[in-house]
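So this one's query33.txt, compact mmCIF, C-alpha atoms (C1' of nucleotides):
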```
# COMPACT_ATOMS: atom_id res chain seq x y z
CA MET A 1298 18.94 15.82 42.92
CA GLY A 1299 15.22 15.70 41.97
CA HIS A 1300 12.66 12.98 42.44
CA ALA A 1301 13.03 9.81 40.45
CA SER A 1302 10.35 9.49 37.80
CA ILE A 1303 7.70 6.88 38.63
CA VAL A 1304 6.98 5.92 35.03
CA ALA A 1305 9.71 4.97 32.60
CA MET A 1306 9.55 7.64 29.90
CA ALA A 1307 10.79 6.98 26.42
CA PRO A 1308 13.70 9.35 25.75
CA GLN A 1309 13.05 9.26 22.01
CA VAL A 1310 9.82 9.19 20.06
CA THR A 1311 10.75 5.87 18.47
CA ASP A 1312 11.02 4.31 21.93
CA SER A 1313 7.46 5.27 22.81
CA LEU A 1314 4.65 2.77 22.80
CA ALA A 1315 2.65 5.22 20.69
CA PHE A 1316 5.23 5.07 17.91
CA LEU A 1317 5.89 1.35 18.19
CA LEU A 1318 2.20 0.48 18.18
CA SER A 1319 1.56 2.76 15.19
CA LYS A 1320 4.30 1.16 13.12
CA LEU A 1321 3.59 -2.41 14.12
CA GLY A 1322 -0.12 -1.85 13.62
CA GLN A 1323 0.44 -0.61 10.11
CA VAL A 1324 2.59 -3.61 9.23
CA ALA A 1325 0.13 -5.98 10.89
CA SER A 1326 -2.79 -4.64 8.81
CA GLU A 1327 -0.82 -4.79 5.60
CA ARG A 1328 0.28 -8.38 6.13
CA PHE A 1329 -3.15 -9.41 7.34
CA ALA A 1330 -4.65 -7.91 4.17
CA VAL A 1331 -2.23 -9.94 2.07
CA HIS A 1332 -3.20 -13.17 3.78
CA LEU A 1333 -6.93 -12.42 3.55
CA ALA A 1334 -6.94 -11.39 -0.10
CA PRO A 1335 -7.15 -14.97 -1.48
CA LEU A 1336 -10.32 -15.41 0.59
CA GLY A 1337 -11.84 -12.25 -0.90
CA LEU A 1338 -11.82 -10.67 2.56
CA ARG A 1339 -10.34 -7.49 3.96
CA PRO A 1340 -9.30 -6.90 7.57
CA ARG A 1341 -12.35 -4.79 8.36
CA HIS A 1342 -14.69 -7.65 7.40
CA CYS A 1343 -13.43 -9.85 10.20
CA ALA A 1344 -15.00 -8.05 13.12
CA VAL A 1345 -18.34 -8.16 11.26
CA LEU A 1346 -18.15 -11.91 10.67
CA GLN A 1347 -17.17 -12.56 14.26
CA LEU A 1348 -19.94 -10.35 15.59
CA LEU A 1349 -22.62 -11.88 13.39
CA ALA A 1350 -21.46 -15.36 14.34
CA GLY A 1351 -22.92 -14.54 17.73
CA ALA A 1352 -26.30 -13.21 16.63
CA PRO A 1353 -28.02 -11.47 13.70
CA LEU A 1354 -28.05 -7.69 13.90
CA GLY A 1355 -29.54 -4.65 12.16
CA GLN A 1356 -27.11 -2.53 10.15
CA LEU A 1357 -27.19 0.48 12.40
CA ALA A 1358 -26.65 -1.63 15.51
CA LEU A 1359 -23.76 -3.28 13.71
CA ALA A 1360 -22.24 0.07 12.80
CA LYS A 1361 -22.45 1.27 16.37
CA THR A 1362 -21.00 -1.92 17.85
CA ILE A 1363 -17.89 -1.95 15.71
CA SER A 1364 -17.62 1.86 15.69
CA VAL A 1365 -17.71 2.55 11.98
CA ALA A 1366 -19.90 4.87 9.91
CA PRO A 1367 -23.19 3.40 8.61
CA SER A 1368 -22.07 4.08 5.04
CA VAL A 1369 -19.04 1.89 5.59
CA VAL A 1370 -21.27 -0.90 6.85
CA VAL A 1371 -23.28 -0.74 3.64
CA ASP A 1372 -20.10 -1.16 1.66
CA MET A 1373 -18.77 -4.01 3.76
CA LEU A 1374 -22.09 -5.87 3.62
CA ASP A 1375 -22.26 -5.47 -0.16
CA GLU A 1376 -18.89 -7.16 -0.33
CA LEU A 1377 -19.71 -9.87 2.20
CA GLU A 1378 -23.04 -10.56 0.50
CA ALA A 1379 -21.28 -10.92 -2.85
CA LEU A 1380 -19.10 -13.57 -1.20
CA GLY A 1381 -22.17 -15.34 0.12
CA ALA A 1382 -20.94 -14.78 3.67
CA VAL A 1383 -23.98 -12.87 4.93
CA ARG A 1384 -27.65 -12.36 4.04
CA ARG A 1385 -29.69 -9.17 4.41
CA VAL A 1386 -33.21 -10.05 5.50
CA ARG A 1387 -35.91 -7.37 5.39
CA ASP A 1388 -37.67 -7.06 8.73
CA THR A 1389 -41.38 -7.73 8.10
CA ALA A 1390 -42.42 -5.83 11.22
CA ASP A 1391 -40.44 -2.69 10.32
CA ARG A 1392 -39.73 -2.65 6.62
CA ARG A 1393 -36.98 -0.06 6.98
CA ARG A 1394 -34.74 -2.53 8.80
CA GLN A 1395 -32.45 -5.12 7.28
CA VAL A 1396 -31.45 -7.87 9.64
CA VAL A 1397 -28.03 -9.22 8.76
CA GLU A 1398 -27.41 -12.93 9.22
CA ILE A 1399 -24.22 -14.90 8.75
CA THR A 1400 -24.28 -17.95 6.43
CA ASP A 1401 -22.45 -21.26 6.70
CA LYS A 1402 -20.03 -19.89 4.12
CA GLY A 1403 -19.55 -16.86 6.35
CA ARG A 1404 -18.72 -19.01 9.36
CA GLU A 1405 -16.23 -20.93 7.28
CA LEU A 1406 -14.63 -17.70 6.09
CA GLY A 1407 -14.42 -16.56 9.69
CA ARG A 1408 -12.47 -19.69 10.61
CA SER A 1409 -10.15 -19.23 7.63
CA ALA A 1410 -9.59 -15.62 8.67
CA ALA A 1411 -8.57 -16.75 12.14
CA LEU A 1412 -6.01 -19.08 10.57
CA ALA A 1413 -4.71 -16.24 8.41
CA ALA A 1414 -4.40 -14.06 11.51
CA ALA A 1415 -2.42 -16.78 13.25
CA GLN A 1416 -0.02 -16.91 10.31
CA VAL A 1417 0.52 -13.18 10.50
CA ASP A 1418 1.16 -13.47 14.22
CA ALA A 1419 3.87 -15.99 13.50
CA GLU A 1420 5.43 -13.67 10.92
CA LEU A 1421 5.37 -10.70 13.26
CA LEU A 1422 6.78 -12.54 16.22
CA GLY A 1423 8.67 -15.43 14.69
CA ALA A 1424 11.96 -13.95 15.72
CA LEU A 1425 10.85 -13.35 19.30
CA GLU A 1426 11.30 -15.58 22.29
CA PRO A 1427 8.30 -17.93 22.12
CA GLY A 1428 7.27 -17.42 25.73
CA ARG A 1429 6.58 -13.75 25.20
CA GLU A 1430 3.68 -14.21 22.84
CA GLY A 1431 1.01 -15.24 25.32
CA GLU A 1432 1.95 -12.45 27.67
CA LEU A 1433 1.96 -9.89 24.86
CA ARG A 1434 -1.46 -11.04 23.74
CA LYS A 1435 -2.76 -10.69 27.28
CA THR A 1436 -1.39 -7.19 27.72
CA LEU A 1437 -2.63 -5.96 24.36
CA THR A 1438 -6.06 -7.50 24.91
CA ALA A 1439 -6.33 -5.70 28.22
CA ALA A 1440 -5.34 -2.39 26.63
CA ALA A 1441 -7.70 -2.84 23.69
CA GLY A 1442 -10.52 -3.79 26.01
CA THR A 1443 -10.00 -0.72 28.16
CA LEU A 1444 -10.09 1.46 25.07
CA GLY A 1445 -13.34 -0.13 23.89
CA LEU A 1446 -11.83 -1.62 20.74
CA LEU A 1447 -13.11 -5.15 21.22
CA PRO A 1448 -16.58 -6.37 20.27
CA PRO A 1449 -18.53 -7.88 23.19
CA ARG A 1450 -17.78 -11.58 23.70
CA MET B 893 -4.96 -37.61 20.94
CA GLY B 894 -2.90 -35.44 18.62
CA HIS B 895 0.16 -33.41 19.38
CA ALA B 896 -0.22 -30.34 21.51
CA SER B 897 0.27 -27.18 19.51
CA ILE B 898 3.55 -25.46 20.22
CA VAL B 899 2.27 -21.96 19.61
CA ALA B 900 -0.85 -20.62 21.29
CA MET B 901 -3.24 -19.83 18.44
CA ALA B 902 -5.93 -17.24 18.78
CA PRO B 903 -9.31 -18.94 18.35
CA GLN B 904 -10.91 -15.75 17.09
CA VAL B 905 -9.56 -13.04 14.84
CA THR B 906 -10.01 -10.42 17.55
CA ASP B 907 -7.72 -12.43 19.82
CA SER B 908 -4.89 -12.37 17.31
CA LEU B 909 -1.91 -10.08 17.69
CA ALA B 910 -2.46 -8.97 14.10
CA PHE B 911 -5.91 -7.64 14.96
CA LEU B 912 -4.94 -6.19 18.32
CA LEU B 913 -1.88 -4.42 16.93
CA SER B 914 -3.88 -3.02 14.01
CA LYS B 915 -6.53 -1.56 16.27
CA LEU B 916 -4.18 -0.26 18.93
CA GLY B 917 -1.88 1.15 16.28
CA GLN B 918 -4.72 3.08 14.72
CA VAL B 919 -5.76 4.54 18.06
CA ALA B 920 -2.16 5.30 18.97
CA SER B 921 -1.62 7.27 15.74
CA GLU B 922 -4.83 9.20 16.14
CA ARG B 923 -4.07 10.22 19.70
CA PHE B 924 -0.48 10.98 18.90
CA ALA B 925 -1.67 13.22 16.06
CA VAL B 926 -3.93 15.09 18.47
CA HIS B 927 -1.08 15.73 20.89
CA LEU B 928 1.31 16.80 18.12
CA ALA B 929 -1.10 19.15 16.37
CA PRO B 930 -0.43 22.14 18.67
CA LEU B 931 3.26 21.83 17.74
CA GLY B 932 2.42 21.90 14.04
CA LEU B 933 3.77 18.37 13.72
CA ARG B 934 2.32 15.12 12.45
CA PRO B 935 3.36 11.62 13.54
CA ARG B 936 5.33 10.95 10.36
CA HIS B 937 7.55 13.99 11.01
CA CYS B 938 8.96 12.50 14.19
CA ALA B 939 11.14 9.81 12.67
CA VAL B 940 12.62 12.47 10.37
CA LEU B 941 13.49 14.80 13.23
CA GLN B 942 15.00 11.98 15.26
CA LEU B 943 17.03 10.74 12.32
CA LEU B 944 18.35 14.17 11.40
CA ALA B 945 19.26 14.83 15.03
CA GLY B 946 21.94 12.21 14.45
CA ALA B 947 23.38 13.53 11.21
CA PRO B 948 22.42 15.53 8.09
CA LEU B 949 21.20 13.43 5.19
CA GLY B 950 20.26 13.71 1.51
CA GLN B 951 16.57 13.38 0.71
CA LEU B 952 16.79 10.05 -1.06
CA ALA B 953 18.87 8.53 1.72
CA LEU B 954 16.31 9.85 4.15
CA ALA B 955 13.46 8.32 2.16
CA LYS B 956 15.17 4.95 2.08
CA THR B 957 16.05 4.96 5.77
CA ILE B 958 12.53 5.61 6.98
CA SER B 959 10.94 3.56 4.17
CA VAL B 960 8.69 6.17 2.59
CA ALA B 961 8.35 7.34 -1.00
CA PRO B 962 10.64 10.20 -2.07
CA SER B 963 7.60 12.29 -2.94
CA VAL B 964 6.40 11.98 0.63
CA VAL B 965 9.77 13.17 1.88
CA VAL B 966 9.45 16.29 -0.26
CA ASP B 967 6.10 16.99 1.32
CA MET B 968 7.29 16.37 4.88
CA LEU B 969 10.35 18.54 4.41
CA ASP B 970 8.24 21.35 2.99
CA GLU B 971 6.22 21.24 6.19
CA LEU B 972 9.22 20.93 8.50
CA GLU B 973 11.00 23.74 6.69
CA ALA B 974 7.94 25.95 7.08
CA LEU B 975 8.17 25.29 10.83
CA GLY B 976 11.86 26.23 10.82
CA ALA B 977 12.70 22.72 12.01
CA VAL B 978 15.00 21.78 9.14
CA ARG B 979 17.08 23.44 6.42
CA ARG B 980 17.70 22.21 2.87
CA VAL B 981 21.26 22.98 1.86
CA ARG B 982 22.30 22.56 -1.77
CA ASP B 983 25.37 20.35 -2.07
CA THR B 984 28.06 22.41 -3.82
CA ALA B 985 29.90 19.30 -5.01
CA ASP B 986 26.79 17.72 -6.55
CA ARG B 987 24.21 20.37 -7.24
CA ARG B 988 21.40 17.81 -7.60
CA ARG B 989 21.57 16.95 -3.92
CA GLN B 990 19.92 18.73 -1.06
CA VAL B 991 21.46 17.99 2.29
CA VAL B 992 18.87 18.25 5.03
CA GLU B 993 19.98 19.59 8.40
CA ILE B 994 18.04 19.90 11.62
CA THR B 995 17.87 23.31 13.32
CA ASP B 996 17.83 24.18 17.02
CA LYS B 997 14.09 24.69 16.63
CA GLY B 998 13.88 21.22 15.14
CA ARG B 999 15.73 19.68 18.09
CA GLU B 1000 13.39 21.44 20.46
CA LEU B 1001 10.37 20.16 18.54
CA GLY B 1002 11.82 16.66 18.71
CA ARG B 1003 11.99 16.90 22.50
CA SER B 1004 8.43 18.20 22.67
CA ALA B 1005 7.30 15.34 20.45
CA ALA B 1006 8.90 12.84 22.82
CA LEU B 1007 6.93 14.39 25.68
CA ALA B 1008 3.74 14.19 23.64
CA ALA B 1009 4.44 10.52 22.91
CA ALA B 1010 4.92 9.86 26.62
CA GLN B 1011 1.53 11.41 27.31
CA VAL B 1012 -0.10 9.17 24.73
CA ASP B 1013 1.62 6.15 26.29
CA ALA B 1014 0.07 7.07 29.61
CA GLU B 1015 -3.36 7.37 28.00
CA LEU B 1016 -3.07 4.04 26.25
CA LEU B 1017 -1.80 2.14 29.26
CA GLY B 1018 -3.06 4.17 32.19
CA ALA B 1019 -5.47 1.40 33.10
CA LEU B 1020 -2.82 -1.31 32.95
CA GLU B 1021 -0.69 -2.67 35.75
CA PRO B 1022 2.27 -0.27 35.85
CA GLY B 1023 4.92 -2.99 35.80
CA ARG B 1024 3.85 -4.21 32.41
CA GLU B 1025 4.84 -1.10 30.52
CA GLY B 1026 8.58 -1.60 30.44
CA GLU B 1027 8.23 -5.18 29.37
CA LEU B 1028 5.73 -4.31 26.68
CA ARG B 1029 8.06 -1.64 25.37
CA LYS B 1030 10.89 -4.14 25.25
CA THR B 1031 8.88 -6.76 23.40
CA LEU B 1032 7.48 -4.30 20.86
CA THR B 1033 10.90 -2.76 20.30
CA ALA B 1034 12.33 -6.19 19.57
CA ALA B 1035 9.52 -6.98 17.12
CA ALA B 1036 9.79 -3.60 15.39
CA GLY B 1037 13.55 -3.96 15.15
CA THR B 1038 13.29 -7.39 13.58
CA LEU B 1039 10.86 -6.04 11.01
CA GLY B 1040 13.20 -3.17 10.15
CA LEU B 1041 10.82 -0.46 11.35
CA LEU B 1042 13.28 1.39 13.54
CA PRO B 1043 15.79 3.97 12.29
CA PRO B 1044 19.41 3.11 13.12
CA ARG B 1045 20.45 4.32 16.58
C1' DT C 104 22.15 7.66 -19.89
C1' DA C 105 21.48 7.69 -14.81
C1' DT C 106 20.34 10.11 -10.61
C1' DT C 107 18.24 13.83 -7.38
C1' DG C 108 14.50 15.92 -6.28
C1' DT C 109 9.79 17.62 -7.72
C1' DT C 110 5.14 17.60 -9.46
C1' DA C 111 0.95 15.47 -11.04
C1' DT C 112 -1.98 11.80 -10.59
C1' DA C 113 -4.35 7.93 -8.67
C1' DC C 114 -5.68 4.82 -5.11
C1' DT C 115 -7.24 3.27 -0.38
C1' DC C 116 -9.73 4.11 3.52
C1' DT C 117 -12.85 6.55 6.04
C1' DA C 118 -16.16 10.16 7.40
C1' DT C 119 -19.93 13.66 6.33
C1' DA C 120 -23.95 15.05 4.28
C1' DA C 121 -27.78 14.65 1.17
C1' DC C 122 -31.30 11.48 -0.21
C1' DT C 123 -35.20 7.40 -0.22
C1' DA C 124 -38.35 4.69 1.88
C1' DT C 125 -40.61 3.60 5.54
C1' DA C 126 -42.53 4.69 10.23
C1' DT D 974 -41.03 14.40 11.99
C1' DA D 975 -37.89 10.90 12.88
C1' DT D 976 -35.39 6.64 11.67
C1' DA D 977 -32.96 2.74 8.61
C1' DG D 978 -30.39 2.36 5.08
C1' DT D 979 -28.21 4.22 0.79
C1' DT D 980 -25.61 7.18 -2.27
C1' DA D 981 -22.55 10.95 -3.37
C1' DT D 982 -18.88 13.59 -2.06
C1' DA D 983 -14.79 14.99 0.21
C1' DG D 984 -10.81 14.39 3.20
C1' DA D 985 -6.37 12.28 4.92
C1' DG D 986 -2.73 9.51 3.76
C1' DT D 987 0.21 7.08 0.69
C1' DA D 988 2.22 5.35 -3.64
C1' DT D 989 3.30 5.56 -8.78
C1' DA D 990 4.80 7.70 -12.71
C1' DA D 991 6.14 11.52 -15.56
C1' DC D 992 9.24 15.51 -15.34
C1' DA D 993 13.33 19.08 -14.80
C1' DA D 994 17.92 19.84 -13.49
C1' DT D 995 22.34 18.02 -13.00
C1' DA D 996 25.83 14.47 -13.35
```
Taking this structure as input, can you express it in the form of structure tokens?
Amino acid sequence: MGHASIVAMAPQVTDSLAFLLSKLGQVASERFAVHLAPLGLRPRHCAVLQLLAGAPLGQLALAKTISVAPSVVVDMLDELEALGAVRRVRDTADRRRQVVEITDKGRELGRSAALAAAQVDAELLGALEPGREGELRKTLTAAAGTLGLLPPR
Amino acid sequence: MGHASIVAMAPQVTDSLAFLLSKLGQVASERFAVHLAPLGLRPRHCAVLQLLAGAPLGQLALAKTISVAPSVVVDMLDELEALGAVRRVRDTADRRRQVVEITDKGRELGRSAALAAAQVDAELLGALEPGREGELRKTLTAAAGTLGLLPPR
DNA sequence: TATTGTTATACTCTATAACTATA
DNA sequence: TATAGTTATAGAGTATAACAATA
């Protein structure tokens, strides 16, 4: 007889965390998008609103912080500006820069988005034992943090 | 003082399970894709291989079971057939149907894919307390099952 | 007329590269 | 010449709808 394996390996692909996270992640985004649509928001806008709620930021700094291409930031800001959620302010000292500020409307949208996210959480885990949710959140937060997926607090 | 909330709500979008699952799911797929590439496989092929390992299936039944469009099934099967992983056999009783069978090569690829998935799991959770993994797998499996994301065992 | 599988097309999301205006 | 932001283009992935063969 050989050594017992130290880690529990998934015998099938569908038992792996990689597969489960992929599938659940896809469903989570889709449902989140549905709940955000009435607000005029898309999932990718949320990290921007949350980040700007902390402090104004230039577009390139923003792009780097949330790990998306600068061209995507332009697009997202066009949309958020159309909603009145953010303002682009030309930097008088360096006229190439646009400093992006959140508005009161933007803060309100951020709070509504958090409520929408909570509703999705309930949908995803409604059938689960209630006690598990906090623990799951903790574990996933730790994993996401380690992988550098979370904006700085 | 009001009632205490029964569920723990995430105060910020990035604390929500919806957000965490979306992000982790995206990373999981990307890394899984990287590990599968040398095998000529993509993540979406895996559920097909696993399903066919159980029993042969017509294409439409296959599409319905894994919840993808029939046109996507055509594409996936073209790729899997090119790898020698599956065979399309014309049904002699109903010549419209193609019955899809897995080959020995396909079974072998399925096993390799499971190993690749295990490697990704280790990457995603390497920094976590080891004990958490089994529990996380259990919780995610339950959630995925409830949402109908898992092929029948 | 309905069903199986296929093809053609379009849509979403993102990334890459070329461009402008400032520095 | 380098940088901030923008625009144009292309890629991956999926879904929708029109189509051919068979029932």
Which residues are near range 920-929 of chain B? Cut-off 10 Å, all atoms listed in the file, ignore same chain within fewer than 3 positions. Put them as a PyMOL selection string.
(chain A and resi 1314-1320+1322-1323) or (chain B and resi 913-917+932-938+1001+1004-1013+1015-1016)
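The space separating C1' of DA990 in chain D from CA of Glu993 in chain B comes to 28.6 Å.
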Taking all atoms listed in the file into account, find every residue of chain A that has an atom no more than 12 Å from chain D, and write it out as a PyMOL selection string.
chain A and resi 1355-1358+1360+1366-1372+1374-1375+1385+1387-1388+1391-1396
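The two atoms in question, CA of Ser959 in chain B and CA of Gly1026 in chain B, are spaced 26.9 Å apart.
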Kindly provide, as a list of chain:residue names, the residues of chain C having any atom no farther than 8 Å from an atom of chain B, counting all atoms listed in the file.
C:DT107, C:DG108, C:DT109
Could you write out the selected residues, including C-alpha atoms (C1' of nucleotides), as a PDB file, in the frame of the given file?
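Final output, again.pdb:
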```pdb
ATOM      1  C1'  DT C 107      18.240  13.830  -7.380  1.00  0.00           C
ATOM      2  C1'  DG C 108      14.500  15.920  -6.280  1.00  0.00           C
ATOM      3  C1'  DT C 109       9.790  17.620  -7.720  1.00  0.00           C
TER       4       DT C 109
END
```
Just to confirm, what's the straight-line distance from CA of Gly1407 in chain A to CA of Leu1346 in chain A in Å (one decimal)?
6.0 Å
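Taking all atoms listed in the file into account, chain B lies nearest to A:Gln1347 out of the set A:Pro1335, A:Arg1384, A:Gln1347, A:Glu1378.
Proximity ranking of A:Leu1349, A:Val1365, A:Ala1441, A:Leu1380 relative to chain B places A:Ala1441 first, based on only C-alpha atoms.
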